[in-house]
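Next up, final.txt (compact mmCIF, N, CA and C atoms):
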```txt
# COMPACT_ATOMS: atom_id res chain seq x y z
N ALA X 1 0.09 20.23 -1.26
CA ALA X 1 -0.38 19.43 -2.37
C ALA X 1 -0.37 17.95 -2.01
N ARG X 2 0.65 17.50 -1.27
CA ARG X 2 0.70 16.10 -0.87
C ARG X 2 -0.51 15.73 -0.03
N GLY X 3 -0.83 16.56 0.92
CA GLY X 3 -1.98 16.29 1.79
C GLY X 3 -3.28 16.24 1.01
N ARG X 4 -3.45 17.16 0.08
CA ARG X 4 -4.65 17.19 -0.76
C ARG X 4 -4.73 15.92 -1.60
N ASN X 5 -3.62 15.55 -2.24
CA ASN X 5 -3.60 14.35 -3.06
C ASN X 5 -3.83 13.09 -2.24
N PHE X 6 -3.21 13.05 -1.07
CA PHE X 6 -3.40 11.90 -0.17
C PHE X 6 -4.87 11.76 0.19
N ASP X 7 -5.48 12.86 0.61
CA ASP X 7 -6.88 12.82 1.02
C ASP X 7 -7.80 12.40 -0.12
N ALA X 8 -7.54 12.92 -1.32
CA ALA X 8 -8.38 12.58 -2.48
C ALA X 8 -8.22 11.10 -2.84
N LEU X 9 -6.99 10.60 -2.83
CA LEU X 9 -6.77 9.19 -3.15
C LEU X 9 -7.34 8.30 -2.06
N HIS X 10 -7.16 8.69 -0.82
CA HIS X 10 -7.70 7.94 0.31
C HIS X 10 -9.22 7.81 0.18
N GLU X 11 -9.87 8.92 -0.08
CA GLU X 11 -11.33 8.92 -0.23
C GLU X 11 -11.76 8.07 -1.43
N GLY X 12 -11.03 8.18 -2.53
CA GLY X 12 -11.38 7.45 -3.74
C GLY X 12 -11.18 5.95 -3.63
N LEU X 13 -10.22 5.52 -2.83
CA LEU X 13 -9.95 4.10 -2.68
C LEU X 13 -10.69 3.47 -1.50
N ALA X 14 -11.26 4.30 -0.64
CA ALA X 14 -12.01 3.77 0.50
C ALA X 14 -13.18 2.94 -0.02
N GLY X 15 -13.33 1.79 0.53
CA GLY X 15 -14.45 0.95 0.15
C GLY X 15 -14.22 0.11 -1.09
N VAL X 16 -13.03 0.17 -1.69
CA VAL X 16 -12.74 -0.71 -2.82
C VAL X 16 -12.61 -2.13 -2.27
N PRO X 17 -13.46 -3.03 -2.72
CA PRO X 17 -13.39 -4.40 -2.20
C PRO X 17 -12.01 -5.02 -2.42
N GLY X 18 -11.48 -5.63 -1.39
CA GLY X 18 -10.19 -6.29 -1.47
C GLY X 18 -9.00 -5.40 -1.21
N LEU X 19 -9.26 -4.14 -0.84
CA LEU X 19 -8.18 -3.18 -0.62
C LEU X 19 -8.47 -2.41 0.66
N ARG X 20 -7.47 -2.37 1.56
CA ARG X 20 -7.62 -1.62 2.81
C ARG X 20 -6.53 -0.56 2.85
N VAL X 21 -6.94 0.70 2.88
CA VAL X 21 -5.99 1.80 2.97
C VAL X 21 -5.50 1.90 4.41
N LEU X 22 -4.18 1.95 4.56
CA LEU X 22 -3.61 2.08 5.90
C LEU X 22 -3.75 3.51 6.37
N GLU X 23 -4.15 3.65 7.61
CA GLU X 23 -4.26 4.98 8.20
C GLU X 23 -2.86 5.46 8.57
N THR X 24 -2.66 6.78 8.52
CA THR X 24 -1.36 7.34 8.84
C THR X 24 -1.48 8.29 10.00
N GLY X 25 -0.36 8.57 10.60
CA GLY X 25 -0.33 9.52 11.71
C GLY X 25 -0.86 8.90 12.99
N HIS X 26 -0.64 9.56 14.06
CA HIS X 26 -1.10 9.13 15.37
C HIS X 26 -2.44 9.80 15.64
N GLU X 27 -3.32 9.08 16.32
CA GLU X 27 -4.67 9.62 16.56
C GLU X 27 -4.66 10.99 17.22
N SER X 28 -3.72 11.22 18.12
CA SER X 28 -3.72 12.49 18.84
C SER X 28 -3.28 13.65 17.96
N SER X 29 -2.53 13.37 16.90
CA SER X 29 -2.06 14.47 16.07
C SER X 29 -2.59 14.42 14.65
N ARG X 30 -2.86 13.20 14.14
CA ARG X 30 -3.32 13.00 12.76
C ARG X 30 -2.42 13.69 11.75
N ARG X 31 -1.14 13.77 12.08
CA ARG X 31 -0.19 14.41 11.18
C ARG X 31 0.59 13.35 10.43
N SER X 32 0.88 13.64 9.20
CA SER X 32 1.60 12.72 8.36
C SER X 32 2.44 13.51 7.36
N SER X 33 3.50 12.91 6.89
CA SER X 33 4.30 13.56 5.84
C SER X 33 3.62 13.42 4.48
N HIS X 34 2.63 12.53 4.39
CA HIS X 34 1.93 12.27 3.13
C HIS X 34 2.92 11.94 2.01
N TYR X 35 3.90 11.12 2.34
CA TYR X 35 4.90 10.71 1.36
C TYR X 35 4.29 9.81 0.29
N CYS X 36 3.43 8.92 0.73
CA CYS X 36 2.73 8.01 -0.19
C CYS X 36 1.49 7.51 0.54
N LEU X 37 0.64 6.83 -0.19
CA LEU X 37 -0.53 6.20 0.41
C LEU X 37 -0.33 4.70 0.26
N SER X 38 -0.35 3.99 1.39
CA SER X 38 -0.18 2.54 1.36
C SER X 38 -1.52 1.85 1.57
N ALA X 39 -1.73 0.82 0.76
CA ALA X 39 -2.94 0.01 0.87
C ALA X 39 -2.53 -1.45 0.91
N VAL X 40 -3.34 -2.26 1.57
CA VAL X 40 -3.04 -3.67 1.75
C VAL X 40 -4.12 -4.50 1.05
N LEU X 41 -3.67 -5.47 0.28
CA LEU X 41 -4.60 -6.37 -0.40
C LEU X 41 -5.22 -7.32 0.62
N GLY X 42 -6.51 -7.56 0.48
CA GLY X 42 -7.22 -8.45 1.38
C GLY X 42 -6.93 -9.92 1.09
N ASP X 43 -7.27 -10.75 2.05
CA ASP X 43 -7.04 -12.18 1.92
C ASP X 43 -7.82 -12.79 0.77
N GLU X 44 -8.92 -12.15 0.37
CA GLU X 44 -9.75 -12.70 -0.70
C GLU X 44 -9.17 -12.49 -2.09
N ILE X 45 -8.08 -11.75 -2.18
CA ILE X 45 -7.44 -11.51 -3.48
C ILE X 45 -6.51 -12.67 -3.77
N ALA X 46 -6.82 -13.42 -4.80
CA ALA X 46 -6.02 -14.60 -5.16
C ALA X 46 -4.83 -14.24 -6.04
N THR X 47 -4.90 -13.10 -6.71
CA THR X 47 -3.85 -12.69 -7.62
C THR X 47 -2.66 -12.16 -6.82
N PRO X 48 -1.46 -12.61 -7.15
CA PRO X 48 -0.28 -12.09 -6.44
C PRO X 48 -0.12 -10.58 -6.62
N ARG X 49 0.40 -9.95 -5.60
CA ARG X 49 0.60 -8.50 -5.62
C ARG X 49 1.41 -8.05 -6.84
N GLU X 50 2.42 -8.82 -7.21
CA GLU X 50 3.27 -8.43 -8.33
C GLU X 50 2.48 -8.34 -9.63
N ARG X 51 1.50 -9.21 -9.82
CA ARG X 51 0.69 -9.14 -11.03
C ARG X 51 -0.21 -7.91 -11.02
N ILE X 52 -0.71 -7.55 -9.86
CA ILE X 52 -1.52 -6.34 -9.73
C ILE X 52 -0.66 -5.11 -10.02
N ILE X 53 0.54 -5.08 -9.46
CA ILE X 53 1.46 -3.97 -9.70
C ILE X 53 1.80 -3.88 -11.19
N ASP X 54 2.05 -5.02 -11.82
CA ASP X 54 2.36 -5.04 -13.26
C ASP X 54 1.19 -4.50 -14.08
N GLU X 55 -0.03 -4.86 -13.70
CA GLU X 55 -1.21 -4.38 -14.44
C GLU X 55 -1.36 -2.86 -14.26
N LEU X 56 -1.14 -2.37 -13.05
CA LEU X 56 -1.21 -0.93 -12.82
C LEU X 56 -0.12 -0.21 -13.61
N LYS X 57 1.09 -0.78 -13.62
CA LYS X 57 2.18 -0.17 -14.38
C LYS X 57 1.85 -0.11 -15.86
N ALA X 58 1.24 -1.18 -16.39
CA ALA X 58 0.86 -1.21 -17.80
C ALA X 58 -0.16 -0.13 -18.12
N ARG X 59 -0.91 0.29 -17.11
CA ARG X 59 -1.90 1.35 -17.28
C ARG X 59 -1.32 2.73 -16.99
N GLY X 60 -0.03 2.79 -16.70
CA GLY X 60 0.63 4.07 -16.46
C GLY X 60 0.66 4.52 -15.02
N ILE X 61 0.44 3.59 -14.09
CA ILE X 61 0.43 3.94 -12.66
C ILE X 61 1.63 3.30 -11.99
N GLY X 62 2.54 4.15 -11.53
CA GLY X 62 3.71 3.67 -10.81
C GLY X 62 3.38 3.44 -9.36
N THR X 63 3.83 2.34 -8.81
CA THR X 63 3.64 2.02 -7.40
C THR X 63 4.99 1.61 -6.83
N SER X 64 5.01 1.41 -5.54
CA SER X 64 6.23 0.96 -4.87
C SER X 64 5.89 -0.11 -3.86
N VAL X 65 6.88 -0.91 -3.53
CA VAL X 65 6.80 -1.85 -2.42
C VAL X 65 7.95 -1.47 -1.50
N TYR X 66 7.63 -1.01 -0.31
CA TYR X 66 8.68 -0.51 0.57
C TYR X 66 9.28 -1.59 1.45
N TYR X 67 8.51 -2.56 1.84
CA TYR X 67 9.02 -3.59 2.73
C TYR X 67 8.60 -4.96 2.22
N PRO X 68 9.41 -5.57 1.34
CA PRO X 68 9.03 -6.87 0.81
C PRO X 68 9.01 -7.95 1.88
N LYS X 69 9.70 -7.72 2.99
CA LYS X 69 9.65 -8.61 4.15
C LYS X 69 9.48 -7.76 5.40
N SER X 70 8.71 -8.26 6.34
CA SER X 70 8.62 -7.53 7.61
C SER X 70 9.95 -7.69 8.34
N LEU X 71 10.28 -6.75 9.20
CA LEU X 71 11.55 -6.82 9.91
C LEU X 71 11.71 -8.12 10.69
N PRO X 72 10.69 -8.59 11.44
CA PRO X 72 10.88 -9.84 12.17
C PRO X 72 11.13 -11.05 11.26
N ASP X 73 10.77 -10.94 9.98
CA ASP X 73 10.99 -12.05 9.05
C ASP X 73 12.36 -12.02 8.38
N THR X 74 13.14 -10.98 8.61
CA THR X 74 14.46 -10.92 8.00
C THR X 74 15.45 -11.76 8.80
N LEU X 75 16.48 -12.21 8.11
CA LEU X 75 17.47 -13.07 8.74
C LEU X 75 18.14 -12.36 9.92
N TYR X 76 18.42 -11.06 9.77
CA TYR X 76 19.07 -10.33 10.86
C TYR X 76 18.24 -10.37 12.14
N TYR X 77 16.97 -10.04 12.04
CA TYR X 77 16.11 -10.01 13.22
C TYR X 77 15.88 -11.40 13.79
N ARG X 78 15.85 -12.38 12.93
CA ARG X 78 15.68 -13.75 13.42
C ARG X 78 16.91 -14.16 14.23
N LYS X 79 18.11 -13.83 13.71
CA LYS X 79 19.34 -14.20 14.42
C LYS X 79 19.57 -13.33 15.65
N ALA X 80 19.42 -12.02 15.49
CA ALA X 80 19.76 -11.09 16.57
C ALA X 80 18.75 -11.11 17.71
N TYR X 81 17.48 -11.32 17.40
CA TYR X 81 16.45 -11.17 18.44
C TYR X 81 15.61 -12.43 18.63
N GLY X 82 15.91 -13.47 17.88
CA GLY X 82 15.22 -14.73 18.09
C GLY X 82 13.81 -14.81 17.55
N PHE X 83 13.46 -13.92 16.62
CA PHE X 83 12.13 -13.99 16.01
C PHE X 83 12.04 -15.24 15.13
N ASP X 84 10.89 -15.86 15.12
CA ASP X 84 10.61 -16.93 14.19
C ASP X 84 9.92 -16.31 12.99
N GLU X 85 10.23 -16.81 11.80
CA GLU X 85 9.57 -16.28 10.61
C GLU X 85 8.07 -16.46 10.75
N GLY X 86 7.33 -15.38 10.50
CA GLY X 86 5.87 -15.41 10.64
C GLY X 86 5.38 -15.16 12.05
N SER X 87 6.29 -14.83 12.96
CA SER X 87 5.89 -14.63 14.37
C SER X 87 5.09 -13.35 14.59
N CYS X 88 5.13 -12.46 13.63
CA CYS X 88 4.35 -11.22 13.69
C CYS X 88 3.44 -11.20 12.46
N PRO X 89 2.33 -11.94 12.51
CA PRO X 89 1.53 -12.16 11.30
C PRO X 89 0.98 -10.89 10.65
N GLU X 90 0.63 -9.89 11.43
CA GLU X 90 0.10 -8.66 10.81
C GLU X 90 1.22 -7.91 10.09
N ALA X 91 2.40 -7.88 10.67
CA ALA X 91 3.54 -7.24 9.99
C ALA X 91 3.86 -7.98 8.69
N THR X 92 3.81 -9.31 8.74
CA THR X 92 4.06 -10.10 7.54
C THR X 92 2.99 -9.85 6.49
N ARG X 93 1.74 -9.79 6.91
CA ARG X 93 0.63 -9.53 5.98
C ARG X 93 0.80 -8.17 5.29
N ILE X 94 1.12 -7.16 6.08
CA ILE X 94 1.29 -5.83 5.51
C ILE X 94 2.48 -5.80 4.56
N SER X 95 3.58 -6.40 4.95
CA SER X 95 4.78 -6.33 4.11
C SER X 95 4.61 -7.10 2.80
N THR X 96 3.89 -8.20 2.81
CA THR X 96 3.76 -9.01 1.60
C THR X 96 2.56 -8.63 0.73
N ARG X 97 1.66 -7.80 1.26
CA ARG X 97 0.46 -7.46 0.52
C ARG X 97 0.26 -5.96 0.31
N SER X 98 1.21 -5.14 0.75
CA SER X 98 1.00 -3.70 0.62
C SER X 98 1.51 -3.17 -0.71
N ILE X 99 0.85 -2.13 -1.15
CA ILE X 99 1.23 -1.39 -2.36
C ILE X 99 1.20 0.08 -1.99
N ALA X 100 2.26 0.80 -2.33
CA ALA X 100 2.33 2.23 -2.04
C ALA X 100 2.06 3.01 -3.32
N PHE X 101 1.16 3.97 -3.21
CA PHE X 101 0.77 4.81 -4.33
C PHE X 101 1.33 6.22 -4.16
N PRO X 102 1.74 6.86 -5.24
CA PRO X 102 2.29 8.21 -5.14
C PRO X 102 1.21 9.25 -4.83
N VAL X 103 1.60 10.27 -4.10
CA VAL X 103 0.68 11.38 -3.82
C VAL X 103 1.42 12.72 -3.91
N GLY X 104 2.58 12.73 -4.53
CA GLY X 104 3.42 13.92 -4.57
C GLY X 104 2.78 15.12 -5.25
N PRO X 105 3.40 16.27 -5.08
CA PRO X 105 2.86 17.51 -5.61
C PRO X 105 2.85 17.57 -7.14
N HIS X 106 3.56 16.66 -7.80
CA HIS X 106 3.56 16.62 -9.26
C HIS X 106 2.25 16.09 -9.82
N LEU X 107 1.43 15.47 -8.98
CA LEU X 107 0.15 14.91 -9.43
C LEU X 107 -0.95 15.96 -9.39
N GLN X 108 -1.77 15.94 -10.42
CA GLN X 108 -2.92 16.84 -10.51
C GLN X 108 -4.19 16.05 -10.19
N GLU X 109 -5.29 16.76 -10.03
CA GLU X 109 -6.56 16.12 -9.70
C GLU X 109 -6.91 15.03 -10.73
N GLY X 110 -6.68 15.30 -11.99
CA GLY X 110 -6.97 14.32 -13.04
C GLY X 110 -6.13 13.06 -12.88
N ASP X 111 -4.90 13.21 -12.41
CA ASP X 111 -4.03 12.05 -12.18
C ASP X 111 -4.59 11.18 -11.06
N ILE X 112 -5.07 11.82 -10.01
CA ILE X 112 -5.64 11.08 -8.89
C ILE X 112 -6.90 10.35 -9.35
N ASP X 113 -7.75 11.02 -10.10
CA ASP X 113 -8.96 10.37 -10.63
C ASP X 113 -8.60 9.19 -11.52
N PHE X 114 -7.56 9.35 -12.34
CA PHE X 114 -7.10 8.28 -13.22
C PHE X 114 -6.65 7.07 -12.39
N MET X 115 -5.88 7.33 -11.32
CA MET X 115 -5.42 6.23 -10.46
C MET X 115 -6.61 5.52 -9.82
N ILE X 116 -7.53 6.28 -9.27
CA ILE X 116 -8.68 5.69 -8.59
C ILE X 116 -9.46 4.81 -9.55
N SER X 117 -9.76 5.31 -10.72
CA SER X 117 -10.54 4.56 -11.71
C SER X 117 -9.83 3.26 -12.09
N ASN X 118 -8.53 3.34 -12.34
CA ASN X 118 -7.80 2.16 -12.77
C ASN X 118 -7.56 1.17 -11.64
N VAL X 119 -7.33 1.64 -10.44
CA VAL X 119 -7.19 0.73 -9.30
C VAL X 119 -8.51 -0.01 -9.09
N ARG X 120 -9.62 0.70 -9.14
CA ARG X 120 -10.93 0.05 -9.01
C ARG X 120 -11.13 -1.03 -10.09
N ASP X 121 -10.76 -0.71 -11.34
CA ASP X 121 -10.91 -1.66 -12.43
C ASP X 121 -10.04 -2.91 -12.21
N VAL X 122 -8.79 -2.70 -11.84
CA VAL X 122 -7.88 -3.82 -11.63
C VAL X 122 -8.35 -4.67 -10.46
N MET X 123 -8.73 -4.03 -9.37
CA MET X 123 -9.19 -4.79 -8.20
C MET X 123 -10.46 -5.57 -8.50
N SER X 124 -11.32 -5.00 -9.30
CA SER X 124 -12.54 -5.70 -9.69
C SER X 124 -12.21 -6.93 -10.52
N ALA X 125 -11.22 -6.80 -11.37
CA ALA X 125 -10.83 -7.91 -12.26
C ALA X 125 -10.15 -9.06 -11.51
N VAL X 126 -9.49 -8.78 -10.41
CA VAL X 126 -8.74 -9.82 -9.70
C VAL X 126 -9.53 -10.50 -8.58
N ARG X 127 -10.73 -10.02 -8.32
CA ARG X 127 -11.53 -10.64 -7.25
C ARG X 127 -12.27 -11.84 -7.76
```

Could I get this file's structure written as structure tokens?
Amino acid sequence: ARGRNFDALHEGLAGVPGLRVLETGHESSRRSSHYCLSAVLGDEIATPRERIIDELKARGIGTSVYYPKSLPDTLYYRKAYGFDEGSCPEATRISTRSIAFPVGPHLQEGDIDFMISNVRDVMSAVR
């Protein structure tokens, strides 16, 4: 069910302006646990991620933020390994702009359609 939900949400969110779905799994295996679907807000989105998450929550869509800071930007990695904050710009971009969407087996096809429709509406409003 996770794989089915992941694929349906991935397909539904593909091509949403201002949103890039992260690919999962390694090319040679294309295997994933399908724990969640992560998407990254594009640079053209002026609205902070937290406001987008709040709007989705108000519409009944729970999301998560798994890494509010990239590892190289944390104090530990800066001290232990000498990273400068922002030294890994893509990791920083993903950590500060990603939103994780649920794809668990508790979701039905209608739930996925509801998420897709509302994410499209919210993204359209913030561009």

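Of the listed residues X:Thr74, X:Gly62, X:Ala100, X:Val40, the one whose atoms come nearest to Leu19 (chain X) is X:Val40, with distances taken using only C-alpha atoms.
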
Can you list every residue in chain X that DSSP puts in helix (DSSP H, G or I), as an NGL selection string? :X and (2-13 or 49-58 or 71-73 or 75-81 or 89-97 or 109-126)

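Closest approach to Phe101 (chain X) among X:Ala14, X:Ala46, X:Ile61, X:Leu41: X:Ile61, based on only N, CA and C atoms.
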
Name the residues of region 5-60 of chain X that come out as strand (DSSP E) in a backbone DSSP run; write them as number ranges by chain. X: 19-21, 36-41

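Going from atom C of Tyr67 (chain X) to atom C of Ala125 (chain X) covers 23.6 Å.
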
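For the set X:Ser98, X:Val103, X:Pro72, X:Leu22, the residue with the smallest atom-to-atom gap to Gly86 (chain X) is X:Pro72, counting all atoms listed in the file.
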
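Checking X:Gly3, X:Glu44, X:Phe114, X:Glu85 one by one against Ser32 (chain X), counting only N, CA and C atoms, you find the shortest gap at X:Gly3.
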
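Distances to Ile52 (chain X) were evaluated for X:Ala39, X:Gly82, X:Val122, X:Val16 using all atoms listed in the file, and the minimum falls at X:Val122.
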
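Counting only C-alpha atoms and comparing X:Glu23, X:Glu109, X:Glu55, X:Asp84, the residue that lies closest to Leu37 (chain X) is X:Glu23.
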
Ile45 (chain X): which residues within 10 Å, counting only C-alpha atoms, same-chain residues fewer than 3 positions away excluded, as a PyMOL selection string? chain X and resi 17-19+41-42+48-49+97+123-124+126-127

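In this structure, atom C of Ser87 (chain X) sits 13.9 Å away from atom C of Leu75 (chain X).
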
Please indicate the distance in Å from atom N of Glu90 (chain X) to CA of Arg20 (chain X), rounded to one decimal place. 14.5 Å

Please rebuild region 36-58 of chain X with N, CA, C and O atoms and give the result as a PDB file, in the coordinates of the input.
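This went into selection-v2.pdb:
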```pdb
ATOM      1  N   CYS X  36       3.430   8.920   0.730  1.00  0.00           N
ATOM      2  CA  CYS X  36       2.730   8.010  -0.190  1.00  0.00           C
ATOM      3  C   CYS X  36       1.490   7.510   0.540  1.00  0.00           C
ATOM      4  O   CYS X  36       1.303   7.762   1.715  1.00  0.00           O
ATOM      5  N   LEU X  37       0.640   6.830  -0.190  1.00  0.00           N
ATOM      6  CA  LEU X  37      -0.530   6.200   0.410  1.00  0.00           C
ATOM      7  C   LEU X  37      -0.330   4.700   0.260  1.00  0.00           C
ATOM      8  O   LEU X  37      -0.129   4.195  -0.842  1.00  0.00           O
ATOM      9  N   SER X  38      -0.350   3.990   1.390  1.00  0.00           N
ATOM     10  CA  SER X  38      -0.180   2.540   1.360  1.00  0.00           C
ATOM     11  C   SER X  38      -1.520   1.850   1.570  1.00  0.00           C
ATOM     12  O   SER X  38      -2.320   2.250   2.413  1.00  0.00           O
ATOM     13  N   ALA X  39      -1.730   0.820   0.760  1.00  0.00           N
ATOM     14  CA  ALA X  39      -2.940   0.010   0.870  1.00  0.00           C
ATOM     15  C   ALA X  39      -2.530  -1.450   0.910  1.00  0.00           C
ATOM     16  O   ALA X  39      -1.504  -1.842   0.340  1.00  0.00           O
ATOM     17  N   VAL X  40      -3.340  -2.260   1.570  1.00  0.00           N
ATOM     18  CA  VAL X  40      -3.040  -3.670   1.750  1.00  0.00           C
ATOM     19  C   VAL X  40      -4.120  -4.500   1.050  1.00  0.00           C
ATOM     20  O   VAL X  40      -5.318  -4.251   1.232  1.00  0.00           O
ATOM     21  N   LEU X  41      -3.670  -5.470   0.280  1.00  0.00           N
ATOM     22  CA  LEU X  41      -4.600  -6.370  -0.400  1.00  0.00           C
ATOM     23  C   LEU X  41      -5.220  -7.320   0.620  1.00  0.00           C
ATOM     24  O   LEU X  41      -4.533  -7.834   1.502  1.00  0.00           O
ATOM     25  N   GLY X  42      -6.510  -7.560   0.480  1.00  0.00           N
ATOM     26  CA  GLY X  42      -7.220  -8.450   1.380  1.00  0.00           C
ATOM     27  C   GLY X  42      -6.930  -9.920   1.090  1.00  0.00           C
ATOM     28  O   GLY X  42      -6.421 -10.274   0.026  1.00  0.00           O
ATOM     29  N   ASP X  43      -7.270 -10.750   2.050  1.00  0.00           N
ATOM     30  CA  ASP X  43      -7.040 -12.180   1.920  1.00  0.00           C
ATOM     31  C   ASP X  43      -7.820 -12.790   0.770  1.00  0.00           C
ATOM     32  O   ASP X  43      -7.436 -13.836   0.240  1.00  0.00           O
ATOM     33  N   GLU X  44      -8.920 -12.150   0.370  1.00  0.00           N
ATOM     34  CA  GLU X  44      -9.750 -12.700  -0.700  1.00  0.00           C
ATOM     35  C   GLU X  44      -9.170 -12.490  -2.090  1.00  0.00           C
ATOM     36  O   GLU X  44      -9.686 -13.021  -3.077  1.00  0.00           O
ATOM     37  N   ILE X  45      -8.080 -11.750  -2.180  1.00  0.00           N
ATOM     38  CA  ILE X  45      -7.440 -11.510  -3.480  1.00  0.00           C
ATOM     39  C   ILE X  45      -6.510 -12.670  -3.770  1.00  0.00           C
ATOM     40  O   ILE X  45      -5.521 -12.883  -3.071  1.00  0.00           O
ATOM     41  N   ALA X  46      -6.820 -13.420  -4.800  1.00  0.00           N
ATOM     42  CA  ALA X  46      -6.020 -14.600  -5.160  1.00  0.00           C
ATOM     43  C   ALA X  46      -4.830 -14.240  -6.040  1.00  0.00           C
ATOM     44  O   ALA X  46      -3.871 -14.978  -6.121  1.00  0.00           O
ATOM     45  N   THR X  47      -4.900 -13.100  -6.710  1.00  0.00           N
ATOM     46  CA  THR X  47      -3.850 -12.690  -7.620  1.00  0.00           C
ATOM     47  C   THR X  47      -2.660 -12.160  -6.820  1.00  0.00           C
ATOM     48  O   THR X  47      -2.830 -11.338  -5.927  1.00  0.00           O
ATOM     49  N   PRO X  48      -1.460 -12.610  -7.150  1.00  0.00           N
ATOM     50  CA  PRO X  48      -0.280 -12.090  -6.440  1.00  0.00           C
ATOM     51  C   PRO X  48      -0.120 -10.580  -6.620  1.00  0.00           C
ATOM     52  O   PRO X  48      -0.450 -10.039  -7.680  1.00  0.00           O
ATOM     53  N   ARG X  49       0.400  -9.950  -5.600  1.00  0.00           N
ATOM     54  CA  ARG X  49       0.600  -8.500  -5.620  1.00  0.00           C
ATOM     55  C   ARG X  49       1.410  -8.050  -6.840  1.00  0.00           C
ATOM     56  O   ARG X  49       1.088  -7.031  -7.443  1.00  0.00           O
ATOM     57  N   GLU X  50       2.420  -8.820  -7.210  1.00  0.00           N
ATOM     58  CA  GLU X  50       3.270  -8.430  -8.330  1.00  0.00           C
ATOM     59  C   GLU X  50       2.480  -8.340  -9.630  1.00  0.00           C
ATOM     60  O   GLU X  50       2.744  -7.473 -10.464  1.00  0.00           O
ATOM     61  N   ARG X  51       1.500  -9.210  -9.820  1.00  0.00           N
ATOM     62  CA  ARG X  51       0.690  -9.140 -11.030  1.00  0.00           C
ATOM     63  C   ARG X  51      -0.210  -7.910 -11.020  1.00  0.00           C
ATOM     64  O   ARG X  51      -0.454  -7.289 -12.051  1.00  0.00           O
ATOM     65  N   ILE X  52      -0.710  -7.550  -9.860  1.00  0.00           N
ATOM     66  CA  ILE X  52      -1.520  -6.340  -9.730  1.00  0.00           C
ATOM     67  C   ILE X  52      -0.660  -5.110 -10.020  1.00  0.00           C
ATOM     68  O   ILE X  52      -1.057  -4.211 -10.775  1.00  0.00           O
ATOM     69  N   ILE X  53       0.540  -5.080  -9.460  1.00  0.00           N
ATOM     70  CA  ILE X  53       1.460  -3.970  -9.700  1.00  0.00           C
ATOM     71  C   ILE X  53       1.800  -3.880 -11.190  1.00  0.00           C
ATOM     72  O   ILE X  53       1.830  -2.788 -11.763  1.00  0.00           O
ATOM     73  N   ASP X  54       2.050  -5.020 -11.820  1.00  0.00           N
ATOM     74  CA  ASP X  54       2.360  -5.040 -13.260  1.00  0.00           C
ATOM     75  C   ASP X  54       1.190  -4.500 -14.080  1.00  0.00           C
ATOM     76  O   ASP X  54       1.391  -3.751 -15.044  1.00  0.00           O
ATOM     77  N   GLU X  55      -0.030  -4.860 -13.700  1.00  0.00           N
ATOM     78  CA  GLU X  55      -1.210  -4.380 -14.440  1.00  0.00           C
ATOM     79  C   GLU X  55      -1.360  -2.860 -14.260  1.00  0.00           C
ATOM     80  O   GLU X  55      -1.661  -2.151 -15.210  1.00  0.00           O
ATOM     81  N   LEU X  56      -1.140  -2.370 -13.050  1.00  0.00           N
ATOM     82  CA  LEU X  56      -1.210  -0.930 -12.820  1.00  0.00           C
ATOM     83  C   LEU X  56      -0.120  -0.210 -13.610  1.00  0.00           C
ATOM     84  O   LEU X  56      -0.375   0.844 -14.213  1.00  0.00           O
ATOM     85  N   LYS X  57       1.090  -0.780 -13.620  1.00  0.00           N
ATOM     86  CA  LYS X  57       2.180  -0.170 -14.380  1.00  0.00           C
ATOM     87  C   LYS X  57       1.850  -0.110 -15.860  1.00  0.00           C
ATOM     88  O   LYS X  57       2.109   0.891 -16.529  1.00  0.00           O
ATOM     89  N   ALA X  58       1.240  -1.180 -16.390  1.00  0.00           N
ATOM     90  CA  ALA X  58       0.860  -1.210 -17.800  1.00  0.00           C
ATOM     91  C   ALA X  58      -0.160  -0.130 -18.120  1.00  0.00           C
ATOM     92  O   ALA X  58      -0.242   0.343 -19.255  1.00  0.00           O
TER      93      ALA X  58
END
```
